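Written out below as structure tokens is the structure these notes cover.
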Amino acid sequence: MNTIQTQDSLTGRERENLLRKLKQAQHDFGYVSKDMMTETAQSLGLSIGEVYGITTFYSFLSVRPLGKFVIRICKSIPCYMQNAEMIIACVADEIGIKPGETTGDGKFSFELTNCIGACDIAPAMLINHQVYGQLTPGKIAEILRGCE
Amino acid sequence: MGKITATINGTEAHVDEGTTILEAARTVGIEIPTLCHSPDLIPTGNCRVCVVEVEGTRTLVGSCHTPIANGMVIHTRSPRVLTARKATVELLMAGHTGECVTDEHTSECDLRKLADELEGGAPRFLMRKPRWYPIEAFNPYVRRDMSQCVLCRKCISACREIAKKNVYGIAYRGFAAKVIVDFDDPLTTEICRDCGICIDYCPTGALSKPTKKSEVK
Ligand code: SF4
Ligand code: FES
């Protein structure tokens, strides 16, 4: 059985190509633009609402441009029980923006996400694709200072 | 097409293969409450109000979308079913605002009717942050009050399957989930035809016909 799809299938018209197309756009442009969503909807014969719906459902797809460093903090139960709320407040304090925002200089974006599979080292965060666990306010300050 | 024999609340039902548990129950005069189901729409199984117990299965199953099978022994009013159904309706009510919440005489809200039938009593579940959206009345056909919406998705199906327009989608996630148009844009006359079909299917007051200015008292 052929389970690995090649790039070629991205040109296909099938509905199941939707997520792959969106991931590709996210990867190539750093976000999924309205133009991209409109084009995708047309090429797959879906409504724009459906494409926008899928894009906004996933934490790792974004409908607006993101900063150079994307900080993602898990808001699922294991992290929550290890004081993720305090960690969220601490990051917000350090970089001066709330979840869902990007700093004016385009350096940081701050997002809340669902489980990132790092429950064993909760509370955890991702900066781009790097995982940081067992966070404390001191550790956060240090990690963020290292982002250049 | 094969015939199926199953037992529902102790009564034998004989139906065609492919019949749902809900439809089969109706043939023997047993009503199962539903919210997101309509015989005209493809079942989506969203609300879980219609769950029933099938002996031998681990979880309760949604009767509106589960095909009945030979030899099934089904209970539609067992204690387990009633507890789950009541909790489901209570949870739906907790996320629902609308005039039916304060005015118990409102007859327009199917969810309110369900809650009354199941005698939910005092609210057990409180929302930390109520879902609140401004009322949208940007076209003469449909007025949307998404604070009242319980995300049953009937409007999405009705628009797609009956009106053949596919105007609605569902966006965001969890508590933030919302029925949207395009990029969460207003429902204007450009997007929406005047069919109003979605209004007929909405079980709550979330979708309604806008009252014309001249008709307002
Ligand atoms: S607007 Fe009405 S029909 Fe549409 S999802 Fe909400 S409650 Fe259901
Ligand atoms: S009526 Fe069956 S899941 Fe809603």
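The chains in the structure tokens are called A, B, ... from first to last as shown; in each chain the residues are counted from 1, and the ligands are counted from 1 in the order shown.
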
Specify as an MDAnalysis selection string all residues of chain A found within 7 Å of chain B, counting only C-alpha atoms. chainID A and resid 47:50 52:54 56:57

Those same residues - all heavy atoms - I'd like them written as a PDB file, in the first residue's frame.
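Output saved as result-v7.pdb:
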ATOM      1  N   SER A  47     -16.228  25.450   0.427  1.00  0.00           N
ATOM      2  CA  SER A  47     -16.580  26.831   0.727  1.00  0.00           C
ATOM      3  C   SER A  47     -15.419  27.469   1.487  1.00  0.00           C
ATOM      4  O   SER A  47     -14.633  26.783   2.150  1.00  0.00           O
ATOM      5  CB  SER A  47     -17.848  26.893   1.574  1.00  0.00           C
ATOM      6  OG  SER A  47     -17.583  26.459   2.890  1.00  0.00           O
ATOM      7  N   ILE A  48     -15.314  28.791   1.360  1.00  0.00           N
ATOM      8  CA  ILE A  48     -14.260  29.507   2.068  1.00  0.00           C
ATOM      9  C   ILE A  48     -14.416  29.291   3.569  1.00  0.00           C
ATOM     10  O   ILE A  48     -13.445  29.087   4.297  1.00  0.00           O
ATOM     11  CB  ILE A  48     -14.303  31.014   1.711  1.00  0.00           C
ATOM     12  CG1 ILE A  48     -13.871  31.197   0.257  1.00  0.00           C
ATOM     13  CG2 ILE A  48     -13.418  31.826   2.654  1.00  0.00           C
ATOM     14  CD1 ILE A  48     -13.948  32.616  -0.245  1.00  0.00           C
ATOM     15  N   GLY A  49     -15.651  29.288   4.037  1.00  0.00           N
ATOM     16  CA  GLY A  49     -15.915  29.083   5.463  1.00  0.00           C
ATOM     17  C   GLY A  49     -15.327  27.778   5.965  1.00  0.00           C
ATOM     18  O   GLY A  49     -14.779  27.710   7.065  1.00  0.00           O
ATOM     19  N   GLU A  50     -15.433  26.751   5.151  1.00  0.00           N
ATOM     20  CA  GLU A  50     -14.921  25.458   5.571  1.00  0.00           C
ATOM     21  C   GLU A  50     -13.393  25.484   5.681  1.00  0.00           C
ATOM     22  O   GLU A  50     -12.808  24.963   6.636  1.00  0.00           O
ATOM     23  CB  GLU A  50     -15.365  24.372   4.589  1.00  0.00           C
ATOM     24  CG  GLU A  50     -15.088  22.989   5.095  1.00  0.00           C
ATOM     25  CD  GLU A  50     -15.826  21.903   4.317  1.00  0.00           C
ATOM     26  OE1 GLU A  50     -16.657  22.238   3.442  1.00  0.00           O
ATOM     27  OE2 GLU A  50     -15.564  20.743   4.576  1.00  0.00           O
ATOM     28  N   TYR A  52     -11.491  28.174   6.089  1.00  0.00           N
ATOM     29  CA  TYR A  52     -11.147  29.043   7.222  1.00  0.00           C
ATOM     30  C   TYR A  52     -11.375  28.296   8.542  1.00  0.00           C
ATOM     31  O   TYR A  52     -10.580  28.395   9.477  1.00  0.00           O
ATOM     32  CB  TYR A  52     -12.004  30.313   7.172  1.00  0.00           C
ATOM     33  CG  TYR A  52     -11.743  31.278   8.298  1.00  0.00           C
ATOM     34  CD1 TYR A  52     -10.582  32.053   8.324  1.00  0.00           C
ATOM     35  CD2 TYR A  52     -12.653  31.417   9.350  1.00  0.00           C
ATOM     36  CE1 TYR A  52     -10.335  32.940   9.359  1.00  0.00           C
ATOM     37  CE2 TYR A  52     -12.413  32.307  10.382  1.00  0.00           C
ATOM     38  CZ  TYR A  52     -11.257  33.067  10.384  1.00  0.00           C
ATOM     39  OH  TYR A  52     -11.019  33.935  11.415  1.00  0.00           O
ATOM     40  N   GLY A  53     -12.440  27.516   8.589  1.00  0.00           N
ATOM     41  CA  GLY A  53     -12.769  26.743   9.787  1.00  0.00           C
ATOM     42  C   GLY A  53     -11.671  25.752  10.138  1.00  0.00           C
ATOM     43  O   GLY A  53     -11.230  25.666  11.278  1.00  0.00           O
ATOM     44  N   ILE A  54     -11.210  25.027   9.146  1.00  0.00           N
ATOM     45  CA  ILE A  54     -10.156  24.032   9.380  1.00  0.00           C
ATOM     46  C   ILE A  54      -8.865  24.746   9.791  1.00  0.00           C
ATOM     47  O   ILE A  54      -8.164  24.321  10.706  1.00  0.00           O
ATOM     48  CB  ILE A  54      -9.891  23.199   8.091  1.00  0.00           C
ATOM     49  CG1 ILE A  54     -11.158  22.467   7.636  1.00  0.00           C
ATOM     50  CG2 ILE A  54      -8.729  22.241   8.279  1.00  0.00           C
ATOM     51  CD1 ILE A  54     -11.485  21.216   8.381  1.00  0.00           C
ATOM     52  N   THR A  56      -8.446  27.615  11.300  1.00  0.00           N
ATOM     53  CA  THR A  56      -8.479  28.191  12.652  1.00  0.00           C
ATOM     54  C   THR A  56      -8.601  27.111  13.721  1.00  0.00           C
ATOM     55  O   THR A  56      -8.375  27.370  14.891  1.00  0.00           O
ATOM     56  CB  THR A  56      -9.638  29.195  12.813  1.00  0.00           C
ATOM     57  OG1 THR A  56     -10.859  28.541  12.463  1.00  0.00           O
ATOM     58  CG2 THR A  56      -9.447  30.416  11.950  1.00  0.00           C
ATOM     59  N   PHE A  57      -8.975  25.900  13.324  1.00  0.00           N
ATOM     60  CA  PHE A  57      -9.098  24.812  14.297  1.00  0.00           C
ATOM     61  C   PHE A  57      -7.725  24.376  14.807  1.00  0.00           C
ATOM     62  O   PHE A  57      -7.538  24.089  15.983  1.00  0.00           O
ATOM     63  CB  PHE A  57      -9.819  23.622  13.661  1.00  0.00           C
ATOM     64  CG  PHE A  57      -9.970  22.443  14.590  1.00  0.00           C
ATOM     65  CD1 PHE A  57     -11.023  22.393  15.490  1.00  0.00           C
ATOM     66  CD2 PHE A  57      -9.070  21.392  14.556  1.00  0.00           C
ATOM     67  CE1 PHE A  57     -11.176  21.317  16.348  1.00  0.00           C
ATOM     68  CE2 PHE A  57      -9.210  20.305  15.408  1.00  0.00           C
ATOM     69  CZ  PHE A  57     -10.277  20.266  16.311  1.00  0.00           C
TER      70      PHE A  57
END

Give me the residues near A:Pro65 as a count of residues only, where near means some atom within 12 Å (using only C-alpha atoms) and where sequence neighbours in that chain fewer than 6 positions away do not count. 19

Around ligand 1, at most 6 Å away and counting only C-alpha atoms and all ligand atoms, which residues are there? Put them as a compact mmCIF listing (two decimals) with all heavy atoms, in the first residue's frame, please.
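Final output, saved to part_23.txt:
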# COMPACT_ATOMS: atom_id res chain seq x y z
N CYS B 149 -26.57 30.28 19.93
CA CYS B 149 -26.26 29.08 19.14
C CYS B 149 -25.67 27.97 20.02
O CYS B 149 -24.84 28.23 20.87
CB CYS B 149 -25.26 29.47 18.05
SG CYS B 149 -24.56 28.07 17.18
N VAL B 150 -26.13 26.74 19.80
CA VAL B 150 -25.58 25.62 20.55
C VAL B 150 -24.73 24.70 19.67
O VAL B 150 -24.44 23.56 20.04
CB VAL B 150 -26.69 24.80 21.26
CG1 VAL B 150 -27.31 25.62 22.38
CG2 VAL B 150 -27.75 24.34 20.28
N LEU B 151 -24.34 25.20 18.50
CA LEU B 151 -23.41 24.49 17.63
C LEU B 151 -23.91 23.13 17.17
O LEU B 151 -23.14 22.17 17.05
CB LEU B 151 -22.04 24.34 18.32
CG LEU B 151 -21.37 25.64 18.73
CD1 LEU B 151 -20.18 25.36 19.64
CD2 LEU B 151 -20.92 26.44 17.51
N CYS B 152 -25.21 23.04 16.92
CA CYS B 152 -25.76 21.76 16.48
C CYS B 152 -25.44 21.49 15.01
O CYS B 152 -25.52 20.38 14.54
CB CYS B 152 -27.27 21.75 16.68
SG CYS B 152 -28.15 22.76 15.47
N ARG B 153 -25.10 22.53 14.28
CA ARG B 153 -24.70 22.46 12.87
C ARG B 153 -25.82 22.17 11.88
O ARG B 153 -25.57 21.86 10.72
CB ARG B 153 -23.58 21.43 12.65
CG ARG B 153 -22.39 21.70 13.52
CD ARG B 153 -21.33 20.66 13.32
NE ARG B 153 -20.29 20.86 14.31
CZ ARG B 153 -19.00 20.74 14.07
NH1 ARG B 153 -18.59 20.39 12.89
NH2 ARG B 153 -18.12 20.94 15.01
N LYS B 154 -27.04 22.26 12.34
CA LYS B 154 -28.13 22.02 11.40
C LYS B 154 -28.16 23.06 10.28
O LYS B 154 -28.48 22.74 9.14
CB LYS B 154 -29.47 22.09 12.14
CG LYS B 154 -29.95 20.77 12.70
CD LYS B 154 -31.29 21.02 13.35
CE LYS B 154 -32.00 19.74 13.67
NZ LYS B 154 -33.20 20.00 14.47
N CYS B 155 -27.84 24.31 10.63
CA CYS B 155 -27.89 25.36 9.60
C CYS B 155 -26.85 25.08 8.51
O CYS B 155 -27.08 25.35 7.34
CB CYS B 155 -27.67 26.74 10.22
SG CYS B 155 -26.18 26.87 11.22
N TYR B 201 -34.52 25.32 10.34
CA TYR B 201 -33.87 24.17 10.97
C TYR B 201 -33.22 24.51 12.31
O TYR B 201 -32.93 23.62 13.09
CB TYR B 201 -32.84 23.56 10.01
CG TYR B 201 -33.51 22.76 8.93
CD1 TYR B 201 -33.97 23.36 7.77
CD2 TYR B 201 -33.77 21.40 9.12
CE1 TYR B 201 -34.64 22.64 6.80
CE2 TYR B 201 -34.44 20.67 8.17
CZ TYR B 201 -34.88 21.30 7.00
OH TYR B 201 -35.55 20.58 6.05
N CYS B 202 -32.97 25.77 12.58
CA CYS B 202 -32.30 26.14 13.83
C CYS B 202 -33.20 25.82 15.03
O CYS B 202 -34.32 26.29 15.10
CB CYS B 202 -31.95 27.62 13.81
SG CYS B 202 -31.12 28.15 15.31
N PRO B 203 -32.70 25.00 15.97
CA PRO B 203 -33.54 24.62 17.10
C PRO B 203 -33.65 25.72 18.17
O PRO B 203 -34.48 25.63 19.06
CB PRO B 203 -32.83 23.39 17.67
CG PRO B 203 -31.41 23.56 17.29
CD PRO B 203 -31.40 24.32 15.98
N THR B 204 -32.78 26.71 18.09
CA THR B 204 -32.81 27.79 19.09
C THR B 204 -33.23 29.08 18.41
O THR B 204 -33.59 29.09 17.24
CB THR B 204 -31.41 28.00 19.70
OG1 THR B 204 -30.55 28.55 18.70
CG2 THR B 204 -30.82 26.69 20.21
N ALA B 206 -31.18 31.33 17.60
CA ALA B 206 -29.96 31.90 17.05
C ALA B 206 -30.17 32.47 15.64
O ALA B 206 -29.59 33.47 15.27
CB ALA B 206 -28.85 30.86 17.03
N LEU B 207 -31.02 31.79 14.85
CA LEU B 207 -31.33 32.29 13.51
C LEU B 207 -32.80 32.66 13.49
O LEU B 207 -33.65 31.88 13.91
CB LEU B 207 -31.06 31.22 12.45
CG LEU B 207 -29.63 30.66 12.39
CD1 LEU B 207 -29.53 29.61 11.28
CD2 LEU B 207 -28.63 31.77 12.15

Considering only C-alpha atoms, return as a PyMOL selection string whatever protein or nucleic-acid residues lie within 7 Å of B:Thr5, sequence-local ones (same chain, fewer than 6 positions apart) excluded. chain B and resi 12-15+70-71

Atoms kept (C-alpha atoms) for selection, written as a PDB file, in the first residue's frame:
ATOM      1  CA  GLU B  12     -39.316  -6.499  18.845  1.00  0.00           C
ATOM      2  CA  ALA B  13     -38.774  -4.261  15.838  1.00  0.00           C
ATOM      3  CA  HIS B  14     -38.517  -5.576  12.271  1.00  0.00           C
ATOM      4  CA  VAL B  15     -36.936  -3.066   9.929  1.00  0.00           C
ATOM      5  CA  ASN B  70     -29.592  -7.930  13.977  1.00  0.00           C
ATOM      6  CA  GLY B  71     -30.089  -9.063  17.557  1.00  0.00           C
TER       7      GLY B  71
END

Residues near B:Gly45, anyone? I mean within 7 Å using only C-alpha atoms, not counting same-chain ones fewer than 5 positions away, as a list in words. Gly62, Cys64 and His65 of chain B

May I have the selected residues written with N, CA and C atoms, as an mmCIF file, in the first residue's frame?
data_model
loop_
_atom_site.group_PDB
_atom_site.id
_atom_site.type_symbol
_atom_site.label_atom_id
_atom_site.label_comp_id
_atom_site.auth_asym_id
_atom_site.auth_seq_id
_atom_site.Cartn_x
_atom_site.Cartn_y
_atom_site.Cartn_z
ATOM 1 N N GLY B 62 -25.123 7.042 19.712
ATOM 2 C CA GLY B 62 -26.057 8.019 19.167
ATOM 3 C C GLY B 62 -27.061 7.293 18.281
ATOM 4 N N CYS B 64 -29.397 8.490 16.346
ATOM 5 C CA CYS B 64 -29.782 9.126 15.078
ATOM 6 C C CYS B 64 -28.845 8.751 13.939
ATOM 7 N N HIS B 65 -27.643 8.273 14.285
ATOM 8 C CA HIS B 65 -26.687 7.970 13.212
ATOM 9 C C HIS B 65 -26.156 6.534 13.275
#

Using only C-alpha atoms and all ligand atoms, what are the residues with an atom within 10 Å of ligand 2, set out as a ChimeraX atom specification? /B:22,32-38,43-52,61-66,152-154

Check stretch 55-135 of chain A with DSSP on the backbone and list each residue it calls strand (DSSP E), as a list in words.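 Output for stretch 55-135 of chain A, strand (DSSP E) only: Phe69, Val70, Ile71, Arg72, Ile73, Cys74, Glu101, Thr102, Phe108, Ser109, Phe110, Glu111, Leu112, Thr113, Met125, Leu126, Ile127, Gln130, Val131 and Tyr132 of chain A.
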
Please provide as a ChimeraX atom specification all residues within 12 Å of stretch 92-96 of chain A, with the sequence filter that same-chain residues fewer than 4 positions apart are discarded (counting only C-alpha atoms). /A:69-73,85-88,100-112,137-145,147

Here atom CA of B:Thr97 and atom CA of B:Glu119 stand apart by 18.1 Å

With only C-alpha atoms as the counted atoms, please give the residues lying no more than 8 Å from B:Val142, apart from itself and same-chain residues fewer than 2 positions off, as a PyMOL selection string. chain B and resi 137+139-140+144+196+199+207-210

Return as a PyMOL selection string the full set of residues in stretch 1-214 of chain B whose backbone-based DSSP assignment is helix (DSSP H, G or I). chain B and resi 21-27+79-94+99-102+110-118+154-162+174-176+197-201+213-214

Expected file: the selected residues, C-alpha atoms, as a tab-separated table (two decimals), in the first residue's frame:
chain	number	residue	atom	x	y	z
B	21	ILE	CA	-31.91	2.97	15.82
B	22	LEU	CA	-33.93	6.20	16.05
B	23	GLU	CA	-36.05	5.34	13.00
B	24	ALA	CA	-36.49	1.75	14.14
B	25	ALA	CA	-37.69	2.91	17.56
B	26	ARG	CA	-40.29	5.11	15.89
B	27	THR	CA	-41.71	2.13	14.00
B	79	PRO	CA	-30.99	4.93	34.17
B	80	ARG	CA	-27.64	5.23	32.38
B	81	VAL	CA	-29.28	6.77	29.32
B	82	LEU	CA	-31.40	9.18	31.34
B	83	THR	CA	-28.42	10.37	33.40
B	84	ALA	CA	-26.31	11.00	30.31
B	85	ARG	CA	-29.14	12.66	28.40
B	86	LYS	CA	-29.95	14.97	31.27
B	87	ALA	CA	-26.31	15.97	31.72
B	88	THR	CA	-25.96	16.59	27.98
B	89	VAL	CA	-28.94	18.89	27.91
B	90	GLU	CA	-27.76	20.66	31.05
B	91	LEU	CA	-24.36	21.24	29.46
B	92	LEU	CA	-25.98	22.53	26.27
B	93	MET	CA	-28.14	24.86	28.34
B	94	ALA	CA	-25.08	26.08	30.26
B	99	GLU	CA	-34.67	34.73	26.04
B	100	CYS	CA	-35.75	31.17	26.82
B	101	VAL	CA	-33.30	31.13	29.72
B	102	THR	CA	-35.09	33.88	31.58
B	110	ASP	CA	-36.30	23.33	21.22
B	111	LEU	CA	-33.47	23.13	23.71
B	112	ARG	CA	-35.59	24.81	26.36
B	113	LYS	CA	-38.38	22.31	25.62
B	114	LEU	CA	-35.94	19.43	26.03
B	115	ALA	CA	-34.67	20.86	29.30
B	116	ASP	CA	-38.23	21.19	30.57
B	117	GLU	CA	-39.08	17.62	29.59
B	118	LEU	CA	-36.04	16.23	31.35
B	154	LYS	CA	-28.13	22.02	11.40
B	155	CYS	CA	-27.89	25.36	9.60
B	156	ILE	CA	-24.63	24.26	7.98
B	157	SER	CA	-26.20	21.03	6.72
B	158	ALA	CA	-29.45	22.68	5.64
B	159	CYS	CA	-27.63	25.35	3.66
B	160	ARG	CA	-25.39	22.78	2.03
B	161	GLU	CA	-27.82	19.93	1.43
B	162	ILE	CA	-31.15	21.67	0.87
B	174	GLY	CA	-13.55	24.37	21.94
B	175	PHE	CA	-15.46	27.14	23.70
B	176	ALA	CA	-14.49	29.56	20.94
B	197	ILE	CA	-34.02	27.63	4.96
B	198	CYS	CA	-31.47	27.64	7.80
B	199	ILE	CA	-33.93	29.50	10.02
B	200	ASP	CA	-36.44	26.68	9.79
B	201	TYR	CA	-33.87	24.17	10.97
B	213	LYS	CA	-38.70	48.29	11.10
B	214	SER	CA	-42.36	49.01	10.34

Hey, can you check how far atom CA of A:Pro123 sits from atom CA of A:Gly146?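 A separation of 19.3 Å between them.
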